[in-house]
$ cat data27.txt   # compact mmCIF, C-alpha atoms
# COMPACT_ATOMS: atom_id res chain seq x y z
CA MET A 1 -10.88 60.03 -6.70
CA ALA A 2 -8.51 58.86 -4.02
CA LYS A 3 -5.12 60.42 -3.98
CA TYR A 4 -2.19 58.17 -3.22
CA THR A 5 1.28 59.21 -2.31
CA THR A 6 4.29 57.47 -3.81
CA THR A 7 4.87 55.74 -0.47
CA ASP A 8 1.31 54.34 -0.47
CA ILE A 9 1.74 52.96 -4.00
CA ILE A 10 5.06 51.36 -3.08
CA ILE A 11 3.45 49.76 -0.01
CA ILE A 12 0.44 48.54 -2.02
CA CYS A 13 2.74 47.04 -4.69
CA PHE A 14 4.93 45.45 -2.01
CA GLY A 15 1.82 44.03 -0.29
CA ILE A 16 0.51 42.54 -3.54
CA ILE A 17 3.91 41.03 -4.42
CA LEU A 18 4.19 39.63 -0.90
CA ASP A 19 0.73 38.03 -1.10
CA ILE A 20 1.46 36.52 -4.53
CA ALA A 21 4.78 35.16 -3.24
CA ILE A 22 3.03 33.60 -0.23
CA ILE A 23 0.35 32.00 -2.44
CA ILE A 24 3.03 30.58 -4.80
CA LEU A 25 4.97 29.24 -1.80
CA ILE A 26 1.81 27.63 -0.40
CA ILE A 27 0.95 25.99 -3.74
CA GLY A 28 4.56 24.75 -4.08
CA GLU A 29 4.57 23.40 -0.54
CA ALA A 30 1.17 21.74 -0.99
CA GLU A 31 2.38 20.07 -4.19
CA LYS A 32 5.53 18.87 -2.41
CA GLN A 33 3.48 17.54 0.52
CA MET A 34 1.21 15.69 -1.88
CA TYR A 35 4.22 14.10 -3.52
CA ILE A 36 5.82 13.14 -0.23
CA PHE A 37 2.66 11.73 1.34
CA GLY A 38 1.20 9.80 -1.51
CA LEU A 39 -1.06 11.81 -3.84
CA ARG A 40 1.24 11.37 -6.79
CA PRO A 41 1.01 9.85 -10.27
CA SER A 42 3.27 6.88 -9.52
CA GLU A 43 1.16 5.89 -6.54
CA SER A 44 -2.24 6.16 -8.19
CA THR A 45 -1.01 4.47 -11.39
CA SER A 46 0.47 1.45 -9.58
CA THR A 47 -2.73 1.06 -7.52
CA ASP A 48 -4.88 1.41 -10.68
CA ILE A 49 -2.98 -1.25 -12.65
CA ALA A 50 -2.73 -3.76 -9.77
CA GLY A 51 -6.39 -3.20 -8.87
CA LEU A 52 -7.61 -3.64 -12.44
CA ALA A 53 -5.58 -6.85 -12.79
CA THR A 54 -7.12 -8.17 -9.56
CA ILE A 55 -10.68 -7.29 -10.50
CA SER A 56 -10.37 -8.59 -14.08
CA LYS A 57 -9.76 -12.17 -12.90
CA GLY A 58 -13.22 -12.28 -11.39
CA LEU A 59 -15.03 -10.95 -14.46
CA VAL A 60 -17.02 -13.32 -16.65
CA GLY A 61 -15.65 -14.56 -19.99
CA LYS A 62 -13.01 -12.91 -22.12
CA VAL A 63 -11.92 -9.51 -20.84
CA ASP A 64 -9.77 -6.76 -22.37
CA LEU A 65 -9.32 -3.77 -20.05
CA VAL A 66 -7.30 -0.89 -21.48
CA TYR A 67 -5.66 1.50 -19.05
CA ARG A 68 -4.31 4.55 -20.87
CA ASN A 69 -2.40 7.51 -19.45
CA VAL A 70 -1.42 10.40 -21.69
CA THR A 71 -0.60 13.01 -19.02
CA GLN A 72 1.62 15.69 -20.53
CA GLY A 73 5.01 16.31 -18.95
CA VAL A 74 5.24 13.06 -16.99
CA PHE A 75 7.63 10.28 -17.98
CA TYR A 76 6.53 6.86 -16.75
CA LYS A 77 8.43 3.63 -16.34
CA ILE A 78 6.29 0.68 -15.31
CA PHE A 79 7.70 -2.69 -14.37
CA ILE A 80 5.76 -5.74 -13.34
CA GLU A 81 7.20 -8.84 -11.71
CA ASP A 82 5.28 -11.66 -10.06
CA ARG A 83 2.62 -9.88 -7.97
CA ILE A 84 4.23 -6.46 -7.81
CA VAL A 85 3.51 -3.49 -10.08
CA CYS A 86 6.00 -0.62 -9.66
CA VAL A 87 5.67 2.77 -11.34
CA TYR A 88 8.45 5.34 -11.66
CA ALA A 89 7.13 8.81 -12.55
CA GLN A 90 9.34 11.75 -13.49
CA LEU A 91 7.88 15.21 -13.80
CA THR A 92 9.79 17.55 -16.10
CA GLY A 93 12.01 19.68 -13.91
CA ALA A 94 10.49 18.32 -10.71
CA MET A 95 10.95 15.37 -8.45
CA ASN A 96 10.95 11.66 -9.29
CA THR A 97 8.86 9.16 -7.40
CA THR A 98 8.53 5.37 -7.42
CA ASP A 99 5.61 3.51 -5.89
CA CYS A 100 4.53 -0.09 -5.95
CA SER A 101 1.33 -1.98 -5.40
CA SER A 102 0.48 -5.66 -5.49
CA ALA A 103 -2.07 -7.80 -7.25
CA ALA A 104 -3.58 -10.89 -5.61
CA PHE A 105 -1.82 -13.37 -7.92
CA ASN A 106 1.18 -13.72 -10.22
CA LEU A 107 1.12 -11.28 -13.17
CA GLY A 108 4.25 -12.51 -14.93
CA GLU A 109 6.94 -10.06 -16.07
CA ASP A 110 6.71 -6.98 -18.28
CA GLU A 111 7.99 -3.42 -18.68
CA PHE A 112 6.64 -0.26 -20.34
CA GLU A 113 7.98 3.27 -20.50
CA GLY A 114 7.25 6.61 -22.15
CA ASN A 115 5.51 9.95 -21.70
CA GLY A 116 2.21 8.22 -22.27
CA PHE A 117 1.45 4.53 -22.01
CA GLU A 118 -1.28 2.01 -22.56
CA VAL A 119 -1.60 -1.25 -20.67
CA THR A 120 -4.03 -3.91 -21.81
CA ILE A 121 -5.14 -6.30 -19.10
CA ARG A 122 -6.31 -9.42 -20.88
CA LYS A 123 -8.12 -12.42 -19.49
CA ASP A 124 -9.25 -15.26 -21.70
CA VAL A 125 -12.00 -17.65 -20.60
CA GLU A 126 -9.62 -20.42 -19.56
CA THR A 127 -6.30 -18.63 -19.10
CA ASP A 128 -4.92 -16.42 -16.39
CA VAL A 129 -4.67 -12.62 -16.47
CA GLU A 130 -1.85 -11.16 -18.56
CA LEU A 131 -0.68 -7.58 -19.04
CA LYS A 132 0.43 -6.31 -22.48
CA MET B 1 -10.88 58.58 -0.23
CA ARG B 2 -7.28 58.02 0.72
CA THR B 3 -6.18 54.61 1.96
CA SER B 4 -4.11 55.00 5.07
CA LEU B 5 -0.87 53.20 5.66
CA THR B 6 -2.38 51.63 8.76
CA LYS B 7 -5.23 50.10 6.70
CA ILE B 8 -2.83 48.67 4.13
CA LEU B 9 -0.60 47.19 6.81
CA SER B 10 -3.57 45.75 8.72
CA THR B 11 -4.83 44.13 5.48
CA ILE B 12 -1.44 42.46 4.89
CA ILE B 13 -1.28 41.28 8.52
CA SER B 14 -4.86 39.95 8.29
CA TYR B 15 -3.90 37.91 5.20
CA ALA B 16 -0.86 36.51 6.98
CA LEU B 17 -2.93 35.59 10.06
CA MET B 18 -5.59 33.93 7.90
CA LEU B 19 -2.94 31.82 6.14
CA ALA B 20 -1.38 30.90 9.49
CA VAL B 21 -4.79 29.67 10.74
CA ILE B 22 -5.33 27.66 7.52
CA PHE B 23 -1.86 26.07 7.88
CA PHE B 24 -2.53 25.24 11.53
CA VAL B 25 -5.93 23.65 10.85
CA ILE B 26 -4.67 21.65 7.84
CA GLY B 27 -1.53 20.52 9.67
CA LYS B 28 -3.47 19.40 12.73
CA TYR B 29 -6.50 17.71 11.21
CA LEU B 30 -5.54 16.59 7.70
CA ASP B 31 -2.96 13.85 7.27
CA LEU B 32 -2.56 13.36 3.53
CA ARG B 33 -0.78 10.04 4.00
CA VAL B 34 -3.69 8.63 6.02
CA GLU B 35 -6.22 9.91 3.46
CA SER B 36 -4.24 8.47 0.56
CA PHE B 37 -3.69 5.08 2.24
CA SER B 38 -7.34 4.92 3.21
CA VAL B 39 -8.51 5.45 -0.39
CA ASP B 40 -6.04 2.83 -1.70
CA ALA B 41 -7.02 0.30 0.99
CA THR B 42 -10.72 0.74 0.23
CA ARG B 43 -10.11 0.08 -3.47
CA HIS B 44 -7.97 -2.97 -2.69
CA SER B 45 -10.51 -4.45 -0.25
CA THR B 46 -13.37 -4.13 -2.75
CA ASN B 47 -11.30 -5.61 -5.59
CA LEU B 48 -10.03 -8.46 -3.42
CA LEU B 49 -13.47 -9.40 -2.07
CA GLN B 50 -14.86 -9.38 -5.61
CA LEU B 51 -12.00 -11.69 -6.68
CA ILE B 52 -12.50 -14.05 -3.72
CA LEU B 53 -16.25 -14.34 -4.34
CA THR B 54 -15.93 -14.97 -8.05
CA SER B 55 -12.64 -16.76 -8.69
CA SER B 56 -11.14 -18.34 -5.57
CA PRO B 57 -10.90 -21.98 -4.42
CA ILE B 58 -14.13 -21.66 -2.34
CA VAL B 59 -16.33 -20.65 -5.29
CA LYS B 60 -18.88 -23.03 -6.87
CA GLU B 61 -20.13 -20.42 -9.30
CA LYS B 62 -19.75 -16.65 -9.24
CA LEU B 63 -21.09 -15.36 -5.89
CA ILE B 64 -22.07 -18.91 -4.90
CA LEU B 65 -19.75 -20.36 -2.26
CA ASP B 66 -19.40 -24.09 -1.62
CA SER B 67 -19.72 -25.02 2.09
CA ASP B 68 -17.41 -28.06 1.75
CA LYS B 69 -14.71 -25.98 0.08
CA MET B 70 -15.08 -23.31 2.78
CA ASP B 71 -14.64 -26.01 5.45
CA ASN B 72 -11.41 -26.92 3.68
CA TYR B 73 -9.99 -23.46 2.97
CA LEU B 74 -11.42 -21.13 5.63
CA SER B 75 -10.74 -23.28 8.68
CA GLY B 76 -7.33 -23.95 10.21
CA SER B 77 -4.16 -22.64 8.63
CA ILE B 78 -4.15 -20.78 5.32
CA LYS B 79 -3.27 -23.07 2.42
CA LYS B 80 -0.65 -22.35 -0.23
CA GLU B 81 -3.18 -22.53 -3.06
CA TRP B 82 -5.16 -19.78 -1.32
CA GLU B 83 -2.04 -17.66 -0.76
CA ASP B 84 -1.05 -18.01 -4.42
CA SER B 85 -4.34 -16.64 -5.72
CA CYS B 86 -5.93 -14.43 -3.05
CA GLU B 87 -3.17 -12.58 -1.18
CA LEU B 88 -1.98 -8.98 -1.46
CA LEU B 89 1.56 -8.27 -0.32
CA GLU B 90 0.94 -4.84 1.21
CA TYR B 91 -2.15 -5.82 3.20
CA ASP B 92 -3.42 -8.57 5.47
CA TYR B 93 -7.09 -9.29 5.96
CA ASN B 94 -9.78 -11.22 7.81
CA LEU B 95 -12.43 -12.89 5.69
CA SER B 96 -15.69 -14.16 7.15
CA VAL B 97 -18.70 -15.75 5.50
CA TYR B 98 -21.95 -15.91 7.47
CA ASP B 99 -25.00 -18.01 6.67
CA LEU B 100 -28.02 -15.85 7.43
CA GLU B 101 -30.40 -18.82 7.71
CA ASN B 102 -28.41 -21.60 9.46
CA LYS B 103 -26.15 -19.15 11.34
CA ASN B 104 -23.03 -21.06 10.20
CA GLU B 105 -19.85 -19.00 10.03
CA TRP B 106 -16.49 -19.49 8.32
CA LYS B 107 -13.49 -17.32 9.18
CA THR B 108 -9.87 -16.98 8.17
CA GLY B 109 -7.31 -14.23 8.44
CA LYS B 110 -4.11 -12.75 9.75
CA LEU B 111 -5.28 -9.68 11.69
CA ILE B 112 -4.05 -10.81 15.07
CA PHE B 113 -2.01 -7.69 15.78
CA ASP B 114 -2.93 -5.12 18.40
CA SER B 115 -4.25 -2.44 16.05
CA SER B 116 -4.77 0.03 18.91
CA SER B 117 -1.10 -0.18 19.93
CA GLU B 118 0.68 3.13 20.23
CA CYS B 119 3.62 1.49 18.44
CA TYR B 120 1.90 1.94 15.07
CA PHE B 121 1.42 5.02 12.91
CA ASP B 122 -2.12 6.24 12.19
CA TYR B 123 -1.96 4.92 8.62
CA GLN B 124 -1.19 1.42 9.96
CA LYS B 125 -4.40 1.54 12.01
CA ILE B 126 -6.68 2.16 9.03
CA LYS B 127 -9.18 -0.68 8.63
CA THR B 128 -11.33 -0.88 5.55
CA TYR B 129 -14.46 -3.00 5.27
CA SER B 130 -16.12 -4.55 2.25
CA GLU B 131 -19.26 -6.63 2.29
CA MET B 132 -21.19 -8.50 -0.40
CA PRO B 133 -24.23 -10.79 -0.41
CA VAL B 134 -23.58 -14.40 -1.44
CA SER B 135 -25.34 -17.74 -1.75
CA ILE B 136 -23.97 -20.71 0.16
CA TYR B 137 -24.27 -24.14 -1.46
CA TYR B 138 -24.68 -27.21 0.78
CA GLY B 139 -25.09 -29.96 -1.86
CA ASP B 140 -28.34 -31.56 -3.05
CA HIS B 141 -29.30 -28.24 -4.63
CA THR B 142 -29.64 -26.55 -1.23
CA TYR B 143 -28.73 -22.87 -1.19
CA ASP B 144 -28.82 -20.44 1.75
CA PRO B 145 -28.47 -16.67 1.66
CA GLY B 146 -25.29 -15.36 3.25
CA ILE B 147 -22.99 -12.44 3.57
CA ALA B 148 -19.23 -12.20 2.99
CA ASN B 149 -17.18 -9.63 4.84
CA LEU B 150 -13.56 -8.60 4.39
CA ILE B 151 -11.56 -6.41 6.78
CA LEU B 152 -8.25 -5.26 5.37
CA MET B 153 -5.33 -3.34 6.88
CA ARG B 154 -1.58 -2.84 6.74
CA THR B 155 0.17 -4.95 9.37
CA PRO B 156 3.84 -5.15 10.42
CA LEU B 157 4.00 -8.49 8.57
CA SER B 158 2.58 -7.10 5.33
CA GLU B 159 4.76 -3.97 5.56
CA LEU B 160 7.93 -6.01 6.05
CA ALA B 161 7.13 -8.46 3.23
CA PHE B 162 6.00 -5.71 0.85
CA TRP B 163 9.02 -3.44 1.41
CA THR B 164 11.56 -6.28 1.19
CA SER B 165 9.98 -7.50 -2.02
CA GLN B 166 9.63 -4.09 -3.69
CA ALA B 167 13.13 -3.00 -2.58
CA SER B 168 14.57 -5.96 -4.47
CA LEU B 169 12.60 -5.11 -7.62
CA ARG B 170 13.28 -1.36 -7.54
CA ILE B 171 17.02 -1.85 -7.03
CA ARG B 172 17.25 -4.43 -9.83
CA LYS B 173 15.33 -2.20 -12.25
CA GLY B 174 17.58 0.77 -11.42
CA THR B 175 14.91 3.29 -10.38
CA ASP B 176 16.48 3.49 -6.93
CA THR B 177 20.06 3.12 -5.79
CA GLU B 178 19.20 3.18 -2.10
CA ILE B 179 16.03 2.44 -0.17
CA ILE B 180 15.66 2.76 3.58
CA LYS B 181 12.37 1.96 5.28
CA ASP B 182 11.66 1.75 9.01
CA ILE B 183 8.87 -0.62 9.97
CA ARG B 184 7.34 -0.42 13.43
CA ILE B 185 6.74 -3.71 15.18
CA GLY B 186 4.41 -3.83 18.20
CA LYS B 187 5.38 -5.30 21.53
CA GLU B 188 2.83 -8.12 21.10
CA ILE B 189 5.14 -9.84 18.58
CA ASP B 190 7.45 -12.34 20.27
CA HIS B 191 9.68 -13.37 17.42
CA ILE B 192 10.24 -13.14 13.67
CA LYS B 193 11.40 -15.97 11.44
CA PHE B 194 12.83 -15.55 7.96
CA THR B 195 13.01 -18.61 5.70
CA LYS B 196 14.60 -18.75 2.28
CA SER B 197 13.79 -21.57 -0.11
CA SER B 198 12.39 -20.90 -3.59
CA ASP B 199 10.45 -18.06 -1.92
CA ILE B 200 11.19 -15.86 1.06
CA THR B 201 8.77 -16.50 3.92
CA ILE B 202 8.44 -14.14 6.89
CA CYS B 203 6.59 -15.43 9.97
CA MET B 204 5.63 -13.51 13.11
CA LYS B 205 4.58 -15.19 16.35
CA ILE B 206 2.10 -13.64 18.76
CA GLY B 207 1.35 -15.84 21.76
CA ASP B 208 0.35 -19.23 20.38
CA SER B 209 -0.44 -17.95 16.90
CA GLU B 210 2.03 -17.73 14.04
CA ILE B 211 1.21 -15.99 10.79
CA CYS B 212 3.36 -16.01 7.67
CA LYS B 213 3.66 -14.26 4.33
CA SER B 214 5.66 -15.44 1.31
CA PHE B 215 6.90 -13.72 -1.80
CA PRO B 216 9.00 -14.86 -4.75
CA TYR B 217 12.61 -13.74 -4.75
CA LYS B 218 15.29 -13.37 -7.42
CA SER B 219 18.88 -14.25 -6.61
CA TYR B 220 20.11 -10.66 -6.21
CA PRO B 221 20.51 -8.35 -4.36
CA GLU B 222 21.35 -10.76 -1.58
CA ILE B 223 19.21 -10.57 1.59
CA LYS B 224 21.07 -10.32 4.90
CA ILE B 225 19.67 -10.36 8.41
CA CYS B 226 21.49 -7.95 10.73
CA PRO B 227 21.31 -7.99 14.51
CA GLY B 228 20.21 -4.59 15.78
CA GLU B 229 21.24 -2.28 18.57
CA CYS B 230 21.76 -4.99 21.22
CA ILE B 231 24.52 -6.86 19.39
CA LEU B 232 26.28 -4.22 17.33
CA ASP B 233 29.51 -6.15 16.94
CA GLN B 234 27.94 -9.02 15.04
CA PRO B 235 28.01 -8.76 11.26
CA CYS B 236 25.01 -9.15 8.99
CA LYS B 237 24.36 -12.76 8.08
CA LYS B 238 23.36 -13.98 4.64
CA LEU B 239 19.85 -15.38 4.74
CA GLU B 240 20.08 -19.10 4.14
CA GLY B 241 17.60 -21.64 5.40
CA SER B 242 15.76 -20.32 8.42
CA VAL B 243 16.73 -17.46 10.79
CA LYS B 244 14.72 -16.78 13.95
CA CYS B 245 15.05 -13.52 15.91
CA ASN B 246 13.54 -13.04 19.39
CA LEU B 247 12.37 -9.46 19.83
CA PRO B 248 12.79 -7.32 22.93
CA GLY B 249 9.46 -6.72 24.69
CA ASN B 250 8.70 -3.15 23.62
CA CYS B 251 7.94 -1.19 20.45
CA ASN B 252 10.63 -2.14 17.96
CA VAL B 253 11.75 -0.81 14.62
CA ILE B 254 12.95 -3.12 11.87
CA THR B 255 14.90 -1.36 9.14
CA VAL B 256 14.96 -2.55 5.54
CA SER B 257 17.90 -0.93 3.75
CA ALA B 258 18.64 -1.83 0.17
CA ASN B 259 21.49 -1.00 -2.21
CA PRO B 260 22.59 -2.68 -5.46
CA ASP B 261 24.74 -5.18 -3.55
CA GLU B 262 22.47 -6.31 -0.75
CA ILE B 263 19.26 -5.86 1.21
CA ASN B 264 19.90 -5.63 4.93
CA ILE B 265 17.06 -6.31 7.35
CA THR B 266 18.11 -4.98 10.74
CA VAL B 267 16.19 -6.62 13.58
CA PRO B 268 16.52 -5.57 17.24
CA VAL B 269 17.49 -8.71 19.10
CA SER B 270 16.83 -9.48 22.77

$ encode --input "data27.txt" --output "structure tokens"
Amino acid sequence: MAKYTTTDIIIICFGIILDIAIIILIIGEAEKQMYIFGLRPSESTSTDIAGLATISKGLVGKVDLVYRNVTQGVFYKIFIEDRIVCVYAQLTGAMNTTDCSSAAFNLGEDEFEGNGFEVTIRKDVETDVELK
Amino acid sequence: MRTSLTKILSTIISYALMLAVIFFVIGKYLDLRVESFSVDATRHSTNLLQLILTSSPIVKEKLILDSDKMDNYLSGSIKKEWEDSCELLEYDYNLSVYDLENKNEWKTGKLIFDSSSECYFDYQKIKTYSEMPVSIYYGDHTYDPGIANLILMRTPLSELAFWTSQASLRIRKGTDTEIIKDIRIGKEIDHIKFTKSSDITICMKIGDSEICKSFPYKSYPEIKICPGECILDQPCKKLEGSVKCNLPGNCNVITVSANPDEINITVPVS
């Protein structure tokens, strides 16, 4: 069995703590970078909703598309006006982001908010697309 | 066996060097913003082409395009009816429909910018392509096979219209108290015109071509056009009617800055 001196054990412990600290810092930095440069819930949600609204207009007959998000720990505020869909996302204890995306036609006006949300994109045979 | 201090230290240093190499490689070759914008643009181009081929003014039936309607809508300037139902604010696109049998072609679009210009960021140079097979109807029950192609990208015009429009909404809804966005404008653009009526229309002129983009606008915050670095002593001017700004002949930056009172668009003026 290997024999370690107290100094060796201190150095090993220090090395392990240092590596863990570096890994935590890297994960934190990567998460921050993702938020700054676009891979964030507000961005993907606004693109999802605007994209689904655009695609639903071209579908045949009556359409009800339900977009549901129940991510834990994220507060969402969604507001829609004319062609623009904006999403504000707030992570508990972390940063807030707002991103917008546009649909190809007027979506009217609406607002939703909460920790989870559900948007129904409805298109009747003769009427335009509406979001509920 | 006893682990020597040298071995422990060399292990720690090796870890640190490995992480440094990973950071260097990721930082140099992976731009998350470009990746993210590319994914979004691809989704938008597919959705938009599907919409155009199934529910736009040129459609006879789903995926069957009427040649007379294409003559009307895909030739000459873009019509308001088209803009109202087939335009995205954050992107501009070129649409072409090609008849594989008669070799007829219809084209429309706004991608007249120099996409290779060093004035633009990498994410502004991303082009996404979508293609779908269609039938082209010529009347008298004559149908030809064809192909529809859409090329979509972010342009200075779409960026300026999109940011001005979303700044207004975000400020009014209270999610932001201040927004500042710099938009790079290439040297190929001669002048910019802002027109306020029931909508805001932004037009950019390149040589003999002028392309425009409109978006609805609520009465507040007020939009002001501010002369840039060349005429610092002039105040910002409330946008009423039409305002035309000639741009200096190099890479320019237009700044959209919004607060609850006003949206200032600062344009460098020659």

$ interface_residues --input "data27.txt" --of "chain A" --to "chain B" --cutoff "8 Å" --atoms "only C-alpha atoms" --output "count of residues only"
36

$ atom_distance --input "data27.txt" --atom1 "atom CA of Leu239 of chain B" --atom2 "atom CA of Lys196 of chain B"
6.7 Å

$ residues_around --input "data27.txt" --residues "Ser56 of chain A" --least-positions-apart "6" --cutoff "8 Å" --atoms "only C-alpha atoms" --output "VMD selection string"
chain A and resid 63 65 121 to 123 129

$ atom_distance --input "data27.txt" --atom1 "atom CA of Tyr137 of chain B" --atom2 "atom CA of Ser67 of chain B"
5.8 Å

$ atom_distance --input "data27.txt" --atom1 "atom CA of Phe113 of chain B" --atom2 "atom CA of Ile189 of chain B"
8.0 Å

$ closest_residue --input "data27.txt" --among "A:Glu130, A:Glu118, A:Glu29, A:Asp99" --to "Ala53 of chain A" --atoms "only C-alpha atoms"
A:Glu130

$ residues_near_point --input "data27.txt" --point "(6.9, -3.7, -20.7)" --cutoff "7 Å" --atoms "all atoms listed in the file" --output "number ranges by chain"
A: 78-79, 110-112
